[in-house]
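**Q** The structure follows.
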Amino acid sequence: MRSARVVKPLIGISCCTKQFGVFGMPNHAASDTYVRATDEVIGGVPVLLPANGPTADIETLLERLDGIVLTGSRSNVQPTLYDGPPHAEGTHEDPNRDGITLPLIRAAVARGVPLLAICRGFQELNVALGGSLHQRIQDLPDRMDHSTPMQPSARLRQSKAHSIRVTPGGWLHRLAGATRIAVNSLHNQGINKLAPGLVAEGTAPDGLIEAVRVAASQGYAVGVQWHPEYDWQTDTLSRAIFEQFGTAVRAYADAARLGAVSVAAE
């Protein structure tokens, strides 16, 4: 008699368009750090979502996925999507990624599919729900330089860069068990106007919002501006972020099978 097989949840991981090889062929890519976190902490099966823009079948994806991880990237969200000024010359954009992630976010939040948004994904979450972005925080008066340190050592680039003041009583506070935490910092863009329906969960010393969640009635969707995928093996909070997302994903998958609703991150 065959034993019942435990079916793991399917986790969509957003890809970027990148050129590889001697001929610069376009590829769809996501960092191994997200795949490993999905495998080893979330406990799901990673499914890479190509940056195929308007040809993406959002409804088919959401019929099959139990959760979505929105990844970081060196590319910036197109400013036309939040009525911002043109990017500075040389700024990397990825319109095909924007073309899938923004409608995917809106549909996933409406449907209650759990979301974990990281760095660029955090910015996409804000833009998709009606917010706007600063393009180069380091050029603004009275703001810190949040950009990637020019260090050859990955350990130094990804080390803790500044503190975050955590909103008392919020999602991140309950998860961290503290009102102040330390995070890495590898971004140029950041939230300008917070989207309606998002709640700020933590801010940097210069006031920049660095953690959010959707309103409780809209299901489980959270975002962080830093990169917990870099240090989940050594940092308790980074691991907890992925573990809690995994719990939400399994609750959603179980509820979907029973025709119920997902659990919110409040």
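For the structure tokens, the naming scheme is as follows: chains receive sequential letters (A, B, ...) according to their order of presentation, residues are indexed from 1 within each chain, and ligands are indexed from 1 in presentation order.
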Residues at most 6 Å from A:Ile42, counting only C-alpha atoms, excluding those fewer than 4 positions away in the same chain, as a ChimeraX atom specification?
**A** /A:38,242-243,246
**Q** For stretch 60-62 of chain A, work out the shell of residues within 9 Å, counting only C-alpha atoms and skipping chain neighbours fewer than 5 positions away, then give it as an NGL selection string.
**A** :A and (12 or 49 or 67 or 104 or 107-108 or 111 or 113)
**Q** Let's have the selection written as a PDB file, in the first residue's frame, with C-alpha atoms.
**A**
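Resulting contents of again_27.pdb:
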```pdb
ATOM      1  CA  GLY A  12       6.407  31.835  -7.719  1.00  0.00           C
ATOM      2  CA  LEU A  49       8.187  33.429 -13.218  1.00  0.00           C
ATOM      3  CA  GLY A  67       2.598  32.150  -2.759  1.00  0.00           C
ATOM      4  CA  LEU A 104       0.382  40.104 -10.681  1.00  0.00           C
ATOM      5  CA  ALA A 107      -4.447  40.352  -8.726  1.00  0.00           C
ATOM      6  CA  ALA A 108      -2.674  38.401  -5.965  1.00  0.00           C
ATOM      7  CA  ARG A 111      -7.293  37.125  -4.457  1.00  0.00           C
ATOM      8  CA  VAL A 113      -2.439  34.867  -2.480  1.00  0.00           C
TER       9      VAL A 113
END
```
**Q** Show me, as a list in words, the residues that have an atom within 9 Å of A:Ile100 when counting only C-alpha atoms, minus same-chain residues fewer than 6 positions from it.
**A**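 Skipping anything fewer than 6 positions along the chain leaves Ser14, Leu49, Pro50, Ala51, Asn52, Gly53, Pro54, Thr55, Ala56, Asp57 and Ile58 of chain A.
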**Q** Selected residues, C-alpha atoms, written as a PDB file, in the first residue's frame, please.
**A**
```pdb
ATOM      1  CA  SER A  14       9.830  36.828 -10.042  1.00  0.00           C
ATOM      2  CA  LEU A  49       8.187  33.429 -13.218  1.00  0.00           C
ATOM      3  CA  PRO A  50       9.603  34.792 -16.487  1.00  0.00           C
ATOM      4  CA  ALA A  51       9.654  38.527 -17.118  1.00  0.00           C
ATOM      5  CA  ASN A  52       7.373  38.155 -20.114  1.00  0.00           C
ATOM      6  CA  GLY A  53       5.410  41.346 -19.659  1.00  0.00           C
ATOM      7  CA  PRO A  54       1.958  41.570 -21.227  1.00  0.00           C
ATOM      8  CA  THR A  55       2.003  37.961 -22.461  1.00  0.00           C
ATOM      9  CA  ALA A  56       1.981  36.624 -18.891  1.00  0.00           C
ATOM     10  CA  ASP A  57      -1.198  34.723 -18.013  1.00  0.00           C
ATOM     11  CA  ILE A  58      -1.844  36.124 -14.544  1.00  0.00           C
TER      12      ILE A  58
END
```
**Q** Separation of atom CA of A:Gly170 and atom CA of A:Glu229, in Å?
**A** 21.7 Å
**Q** What's the 12 Å shell around A:Pro205, counting only C-alpha atoms, without same-chain residues fewer than 6 positions away, as a PyMOL selection string?
**A** chain A and resi 142-146+161-166+180-183
**Q** Can you write just those residues out, C-alpha atoms, as a CSV table (one decimal), in the first residue's frame?
**A**
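Saved file out_33.csv follows:
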```
chain,number,residue,atom,x,y,z
A,142,ASP,CA,18.7,65.0,4.9
A,143,ARG,CA,18.6,61.5,3.6
A,144,MET,CA,21.1,58.6,4.1
A,145,ASP,CA,23.0,56.9,1.3
A,146,HIS,CA,21.1,53.6,1.1
A,161,ALA,CA,24.2,49.1,7.4
A,162,HIS,CA,21.7,50.9,9.6
A,163,SER,CA,18.9,50.5,12.2
A,164,ILE,CA,15.2,50.5,11.6
A,165,ARG,CA,12.6,51.8,14.1
A,166,VAL,CA,9.9,49.2,14.2
A,180,ARG,CA,14.7,48.5,16.8
A,181,ILE,CA,16.5,46.1,14.4
A,182,ALA,CA,19.6,46.3,12.1
A,183,VAL,CA,19.4,45.6,8.4
```
**Q** Counting only C-alpha atoms, what is within 12 Å of A:Val199, bar same-chain residues fewer than 4 positions away, as a list in words?
**A**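 Result of the neighbour search: Leu125, Asn126, Leu129, Gly131, Thr167, Gly170, Trp171, Leu172, Lys193, Leu194, Ala195, Thr203, Ile209, Glu210, Ala211, Val212, Arg213, Val214, Ala215, Ala216, Gln218, Ala221, Val222, Gly223, Val224, Ala265 and Glu266 of chain A.
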**Q** So the first atom is atom CA of A:Ile118 and the second is atom CA of A:Arg74; what is the distance between them in Å, to one decimal place?
**A** 12.3 Å
**Q** In terms of the shortest atom-to-atom distance over only C-alpha atoms, which of A:Leu208, A:Tyr252, A:Glu124, A:Leu116 is closest to A:Ile68?
**A**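 Closest candidate: A:Leu116.
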**Q** From the DSSP assignment of the backbone, select every residue of stretch 104-162 of chain A that is helix (DSSP H, G or I), and format the answer as JSON, numbers by chain.
**A** {"A": [104, 105, 106, 107, 108, 109, 110, 111, 120, 121, 122, 123, 124, 125, 126, 127, 128, 137, 138, 139, 154, 155, 156, 157]}
**Q** From stretch 25-63 of chain A, collect each residue whose DSSP state is strand (DSSP E or B) and return the set as a PyMOL selection string.
**A** chain A and resi 25-29+45-49
